[in-house]
Amino acid sequence: MKEEISKAVEEILGLTGTEDALSEGIIQGSNESSVILETPPDSKMGDIAIPCFVFAKILHKNPAVIAADLKNGLEQKKEELGLDEVICVGGYCNLFVNRKLFVENTLTKVADGNHGVEKIGEKKTVCMDYSSPNIAKNFHVGHLRTTVIGNSLYKIYDKLGYNVVRINHLGDWGTQFGKLIVAYKKWSSKEAVEKNGIQELLDIYVKFNNEKEEHPELMDEARSWFVAMEHGDKEALSIWEWFKDISMVEFERVYDMLGISFDSYTGESFYREKVPALVEILKEKNLLTESQGANVIDLSEYDMAPCMITKKDGSSIYHSRDIAAVLYRKEKYDFDKCLYVTGLEQSLHFKQVFKAIELMGLDYYKNLVHVPYGLVSLDGEKLSTRTGNIIYAEDILNEAVKRAYELIEEKNPSLENKEEVAKKVGIGAVIFHDLFNQRIKNINFSWKEVLSFDGATGPYVQYTYARAKSVLRKYGKELQCTLTDCQALTDDISFALIKTIGGYENAVNVAAERYEPSIVARYLISLCTDFNKFYQECPILKEENVKTKEARLYLVYVTSQIVFECCGLLGIECPEEM
Ligand code: ARG
């Protein structure tokens, strides 16, 4: 509908495809030109507002005059555009849509197999690199963020029909493993590692870092163990492999809780074998320079620190393993886009990696996207491994489930499967809290906020879903209404809800374009708010007119579907009752 209105406006004002209009940015985009359409602050002023002052510059007319011209023109086309009324308000031309038609169209649109979302990504592949924790280190809240954001982006792109490859780029290679092997041999045992898992590995790693201050020779030992690993030393590799297995068991526990899986776990160790070939290519392209024994790509021309490729001892590094990974992924998946979801602090790293790909003459550097996110603090304190103020993702999730259980005990003690519901609510709450704010913003984690049933929270959304499902259950009959009965849904409150339902596809598209799950989360909150208003103000089961009652029930049904869908896009499960 918006497209048709845009076209009509262009026609009436004689703007169609004019260079002037394009260059002024009035008509956005070249192929899908669309005039800027706004939503008036109050629906009493109309459903759509067209600001006319933007045309003043190229039409050399006063905005009020343009608005009047537009009104005349649009009035001729009212019927074909599905409009009821056109008015001028200051420099704006405001439109009231024909509600009955709009309701019918919207409800028909979202009734298709994909809830009205066009699969614009078909035949396109997106690689998503996210979660990617480090072996032998704990899975902390930062990793929880990349996991939850990455998973949501995967669901969003999947909904749009893209082929998504979910890659867990495990941090399973690097000098730290040399340190760990030394520490293990000196201070730990097979039994201790088996018993305490990652915690034991963390403890001895910390001990190593403390001891090396007084015994610098420990560092030489560590380095030589790492070189041994790089050269395929059997003993070194078998210890490393074992540490990796131990770590994976713990990571999988977190993924299970979140209901998350990956298509590939090829981490840094996989790519380090590809670094020698990369070095050859870089040499051929004359991109390598020596710097204090190391091989680097000089990036001073671009105001960046040099990008290290191999260290003095010839071993690979985080950067070169990432460059090798780009080449491998392009070859294997022929991606149209490759996203990297990591903390903001890795921005320079990705700039360097993408620059290296560009300098190698590979045009697809343009399709590599860093998707950064902000830090997490707990009730105001920054989380860090060094200060010991670590919050383990698993602890947070378990705590959330426990607190959700207590809440259910308090609010609805007779509920069936309380444990299962508590899991969905607790984990859903943590996920929603993470995804609601723009990802780049820092997050402050406060239990009170996370688990609240009011305001913009996971439990509020889930509760809305359960409420809708409960109305439908109480009715208990198959709905007979057809869309022609939707006349009953043209009152202000129902109509506001339907307009929001109509915005679903746009929310998914914008979220994908901006790599921003918060767009879906915020959309979901407005949907729930509109629904709860409708639920409070429009009698549903008590309505006497059967047609009206069924039309309202149908609206309850459609809303419940879209709420469920949006939760799915965020990675949140919805209990049927709570
Ligand atoms: N393992 C890294 C970390 O924990 C994140 C890896 C991100 N992905 C990548 N291809 N560099 O910080």
# chains A, B, ... in the order shown; residues from 1 in each chain; ligands from 1
>>> residues_near_ligand(ligand="ligand 1", cutoff="7 Å", atoms="only C-alpha atoms and all ligand atoms", output="list in words")
Asp129, Tyr130, Ser132, Pro133, Asn134, His143, His169, Leu170, Gly171, Asp322, Tyr340, Val341 and Thr342 of chain A
>>> residues_around(residues="stretch 406-410 of chain A", least_positions_apart="2", cutoff="10 Å", atoms="only C-alpha atoms", output="MDAnalysis selection string")
chainID A and resid 400:404 412:415 418:419 421:422 425:426 451:453 578
>>> residues_around(residues="stretch 490-503 of chain A", least_positions_apart="2", cutoff="7 Å", atoms="only C-alpha atoms", output="PyMOL selection string")
chain A and resi 99-100+103+106+487-488+505-507+527+530-531+534
>>> write_last_selection(atoms="all heavy atoms", output="compact mmCIF listing (two decimals), in the first residue's frame")
# COMPACT_ATOMS: atom_id res chain seq x y z
N ARG A 99 -10.34 1.62 6.63
CA ARG A 99 -10.01 0.63 7.65
C ARG A 99 -10.41 -0.79 7.27
O ARG A 99 -9.66 -1.74 7.49
CB ARG A 99 -10.65 1.02 8.99
CG ARG A 99 -10.00 2.26 9.56
CD ARG A 99 -10.43 2.50 10.98
NE ARG A 99 -9.65 3.60 11.54
CZ ARG A 99 -9.69 3.97 12.81
NH1 ARG A 99 -10.51 3.35 13.64
NH2 ARG A 99 -8.94 4.96 13.24
N LYS A 100 -11.61 -0.89 6.72
CA LYS A 100 -12.11 -2.23 6.42
C LYS A 100 -11.17 -2.93 5.44
O LYS A 100 -10.76 -4.08 5.62
CB LYS A 100 -13.52 -2.14 5.85
CG LYS A 100 -14.17 -3.47 5.71
CD LYS A 100 -15.67 -3.33 5.53
CE LYS A 100 -16.34 -4.68 5.40
NZ LYS A 100 -15.97 -5.41 4.21
N VAL A 103 -7.78 -3.73 7.10
CA VAL A 103 -7.87 -4.88 8.01
C VAL A 103 -7.88 -6.17 7.18
O VAL A 103 -7.13 -7.12 7.46
CB VAL A 103 -9.15 -4.78 8.87
CG1 VAL A 103 -9.43 -6.08 9.60
CG2 VAL A 103 -9.03 -3.63 9.85
N THR A 106 -4.43 -6.77 5.56
CA THR A 106 -3.39 -7.14 6.52
C THR A 106 -3.59 -8.56 7.02
O THR A 106 -2.66 -9.36 7.07
CB THR A 106 -3.40 -6.16 7.72
OG1 THR A 106 -3.24 -4.85 7.20
CG2 THR A 106 -2.28 -6.44 8.68
N GLN A 487 -15.16 -6.14 9.52
CA GLN A 487 -15.75 -4.84 9.80
C GLN A 487 -15.73 -4.59 11.31
O GLN A 487 -15.52 -3.47 11.77
CB GLN A 487 -17.22 -4.84 9.30
CG GLN A 487 -17.94 -3.52 9.44
CD GLN A 487 -17.45 -2.51 8.41
OE1 GLN A 487 -17.31 -2.82 7.23
NE2 GLN A 487 -17.16 -1.29 8.86
N ALA A 488 -15.92 -5.68 12.06
CA ALA A 488 -15.97 -5.58 13.51
C ALA A 488 -14.64 -5.14 14.11
O ALA A 488 -14.55 -4.88 15.30
CB ALA A 488 -16.37 -6.93 14.09
N GLU A 505 6.45 -7.51 8.92
CA GLU A 505 7.46 -7.76 7.88
C GLU A 505 8.54 -6.67 7.89
O GLU A 505 9.73 -6.96 7.79
CB GLU A 505 6.80 -7.81 6.50
CG GLU A 505 7.82 -8.11 5.43
CD GLU A 505 7.25 -8.15 4.03
OE1 GLU A 505 6.25 -7.45 3.78
OE2 GLU A 505 7.82 -8.86 3.19
N ASN A 506 8.10 -5.44 8.04
CA ASN A 506 9.06 -4.34 8.04
C ASN A 506 10.05 -4.48 9.21
O ASN A 506 11.26 -4.28 9.05
CB ASN A 506 8.31 -3.01 8.13
CG ASN A 506 9.23 -1.84 7.96
OD1 ASN A 506 10.02 -1.80 7.01
ND2 ASN A 506 9.19 -0.91 8.90
N ALA A 507 9.54 -4.88 10.37
CA ALA A 507 10.43 -5.04 11.53
C ALA A 507 11.49 -6.10 11.24
O ALA A 507 12.68 -5.91 11.55
CB ALA A 507 9.61 -5.43 12.77
N LEU A 527 3.61 -4.63 19.97
CA LEU A 527 2.54 -5.56 19.63
C LEU A 527 1.81 -6.02 20.91
O LEU A 527 0.58 -6.03 20.98
CB LEU A 527 3.15 -6.77 18.90
CG LEU A 527 2.20 -7.85 18.42
CD1 LEU A 527 1.21 -7.28 17.39
CD2 LEU A 527 2.97 -9.01 17.79
N ASP A 530 -0.27 -3.14 22.43
CA ASP A 530 -1.52 -2.94 21.69
C ASP A 530 -2.50 -4.07 21.97
O ASP A 530 -3.70 -3.85 22.09
CB ASP A 530 -1.25 -2.89 20.17
CG ASP A 530 -0.58 -1.59 19.77
OD1 ASP A 530 -0.55 -0.65 20.59
OD2 ASP A 530 -0.07 -1.51 18.63
N PHE A 531 -1.97 -5.27 22.05
CA PHE A 531 -2.86 -6.40 22.31
C PHE A 531 -3.49 -6.30 23.70
O PHE A 531 -4.69 -6.52 23.86
CB PHE A 531 -2.12 -7.74 22.19
CG PHE A 531 -2.98 -8.90 22.60
CD1 PHE A 531 -3.95 -9.39 21.74
CD2 PHE A 531 -2.86 -9.48 23.86
CE1 PHE A 531 -4.78 -10.44 22.12
CE2 PHE A 531 -3.68 -10.52 24.26
CZ PHE A 531 -4.65 -11.00 23.38
N PHE A 534 -6.28 -3.90 23.72
CA PHE A 534 -7.43 -4.52 23.05
C PHE A 534 -8.13 -5.51 23.99
O PHE A 534 -9.34 -5.51 24.15
CB PHE A 534 -6.91 -5.21 21.78
CG PHE A 534 -7.86 -6.19 21.16
CD1 PHE A 534 -8.93 -5.75 20.38
CD2 PHE A 534 -7.68 -7.56 21.31
CE1 PHE A 534 -9.81 -6.67 19.79
CE2 PHE A 534 -8.54 -8.47 20.72
CZ PHE A 534 -9.60 -8.03 19.97
>>> atom_distance(atom1="atom CA of A:Thr16", atom2="atom CA of A:Phe53")
17.4 Å
>>> atom_distance(atom1="atom CA of A:Arg166", atom2="atom CA of A:Ser264")
6.4 Å
>>> atom_distance(atom1="atom CA of A:Glu122", atom2="atom CA of A:Asp336")
11.4 Å
>>> closest_atom_pairs(of="stretch 193-260 of chain A", to="stretch 150-153 of chain A", cutoff="10 Å", atoms="only C-alpha atoms", output="Markdown table")
| residue | atom | partner | partner_atom | distance |
| --- | --- | --- | --- | --- |
| A:Leu258 | CA | A:Asn151 | CA | 9.6 |
| A:Gly259 | CA | A:Asn151 | CA | 9.7 |
| A:Ile260 | CA | A:Asn151 | CA | 7.2 |
>>> write_last_selection(atoms="N, CA and C atoms", output="mmCIF file, in the first residue's frame")
data_model
loop_
_atom_site.group_PDB
_atom_site.id
_atom_site.type_symbol
_atom_site.label_atom_id
_atom_site.label_comp_id
_atom_site.auth_asym_id
_atom_site.auth_seq_id
_atom_site.Cartn_x
_atom_site.Cartn_y
_atom_site.Cartn_z
ATOM 1 N N LEU A 258 20.082 -22.972 26.076
ATOM 2 C CA LEU A 258 19.576 -21.908 25.208
ATOM 3 C C LEU A 258 18.880 -22.469 23.967
ATOM 4 N N GLY A 259 18.978 -23.777 23.771
ATOM 5 C CA GLY A 259 18.384 -24.393 22.581
ATOM 6 C C GLY A 259 19.097 -23.960 21.306
ATOM 7 N N ILE A 260 20.414 -23.927 21.368
ATOM 8 C CA ILE A 260 21.192 -23.401 20.244
ATOM 9 C C ILE A 260 22.111 -24.478 19.670
#
>>> residues_around(residues="A:Ala8", least_positions_apart="2", cutoff="12 Å", atoms="only C-alpha atoms", output="ChimeraX atom specification")
/A:1-6,10-16,33-35,50,70-78,80-81
>>> decode(residues="stretch 407-421 of chain A", atoms="N, CA, C and O atoms", output="mmCIF file, in the first residue's frame")
data_model
loop_
_atom_site.group_PDB
_atom_site.id
_atom_site.type_symbol
_atom_site.label_atom_id
_atom_site.label_comp_id
_atom_site.auth_asym_id
_atom_site.auth_seq_id
_atom_site.Cartn_x
_atom_site.Cartn_y
_atom_site.Cartn_z
ATOM 1 N N LEU A 407 8.983 -17.271 41.425
ATOM 2 C CA LEU A 407 7.909 -16.352 41.028
ATOM 3 C C LEU A 407 6.626 -17.112 40.692
ATOM 4 O O LEU A 407 5.527 -16.687 41.048
ATOM 5 N N ILE A 408 6.785 -18.221 39.994
ATOM 6 C CA ILE A 408 5.611 -19.013 39.613
ATOM 7 C C ILE A 408 4.944 -19.578 40.870
ATOM 8 O O ILE A 408 3.724 -19.547 41.005
ATOM 9 N N GLU A 409 5.776 -20.065 41.779
ATOM 10 C CA GLU A 409 5.257 -20.582 43.051
ATOM 11 C C GLU A 409 4.383 -19.530 43.744
ATOM 12 O O GLU A 409 3.377 -19.830 44.364
ATOM 13 N N GLU A 410 4.836 -18.287 43.592
ATOM 14 C CA GLU A 410 4.154 -17.212 44.281
ATOM 15 C C GLU A 410 2.878 -16.802 43.539
ATOM 16 O O GLU A 410 1.833 -16.584 44.147
ATOM 17 N N LYS A 411 2.949 -16.739 42.209
ATOM 18 C CA LYS A 411 1.823 -16.197 41.451
ATOM 19 C C LYS A 411 0.818 -17.237 40.992
ATOM 20 O O LYS A 411 -0.354 -16.942 40.814
ATOM 21 N N ASN A 412 1.294 -18.426 40.684
ATOM 22 C CA ASN A 412 0.397 -19.425 40.110
ATOM 23 C C ASN A 412 0.820 -20.830 40.553
ATOM 24 O O ASN A 412 1.260 -21.651 39.759
ATOM 25 N N PRO A 413 0.687 -21.099 41.873
ATOM 26 C CA PRO A 413 1.255 -22.342 42.419
ATOM 27 C C PRO A 413 0.628 -23.616 41.853
ATOM 28 O O PRO A 413 1.248 -24.668 41.888
ATOM 29 N N SER A 414 -0.581 -23.503 41.296
ATOM 30 C CA SER A 414 -1.219 -24.743 40.834
ATOM 31 C C SER A 414 -0.872 -25.058 39.370
ATOM 32 O O SER A 414 -1.381 -26.017 38.798
ATOM 33 N N LEU A 415 -0.010 -24.261 38.791
ATOM 34 C CA LEU A 415 0.353 -24.475 37.383
ATOM 35 C C LEU A 415 1.001 -25.856 37.181
ATOM 36 O O LEU A 415 1.800 -26.293 38.001
ATOM 37 N N GLU A 416 0.613 -26.492 36.060
ATOM 38 C CA GLU A 416 1.263 -27.772 35.730
ATOM 39 C C GLU A 416 2.654 -27.507 35.153
ATOM 40 O O GLU A 416 2.932 -26.436 34.680
ATOM 41 N N ASN A 417 3.467 -28.516 35.094
ATOM 42 C CA ASN A 417 4.885 -28.436 34.646
ATOM 43 C C ASN A 417 5.578 -27.134 35.018
ATOM 44 O O ASN A 417 6.124 -26.463 34.156
ATOM 45 N N LYS A 418 5.546 -26.831 36.305
ATOM 46 C CA LYS A 418 6.181 -25.592 36.759
ATOM 47 C C LYS A 418 7.655 -25.521 36.366
ATOM 48 O O LYS A 418 8.155 -24.463 36.009
ATOM 49 N N GLU A 419 8.323 -26.680 36.432
ATOM 50 C CA GLU A 419 9.756 -26.648 36.148
ATOM 51 C C GLU A 419 10.047 -26.268 34.699
ATOM 52 O O GLU A 419 10.931 -25.458 34.417
ATOM 53 N N GLU A 420 9.265 -26.867 33.827
ATOM 54 C CA GLU A 420 9.472 -26.587 32.408
ATOM 55 C C GLU A 420 9.163 -25.122 32.104
ATOM 56 O O GLU A 420 9.899 -24.451 31.381
ATOM 57 N N VAL A 421 8.089 -24.619 32.680
ATOM 58 C CA VAL A 421 7.718 -23.226 32.453
ATOM 59 C C VAL A 421 8.803 -22.303 33.022
ATOM 60 O O VAL A 421 9.209 -21.328 32.381
#
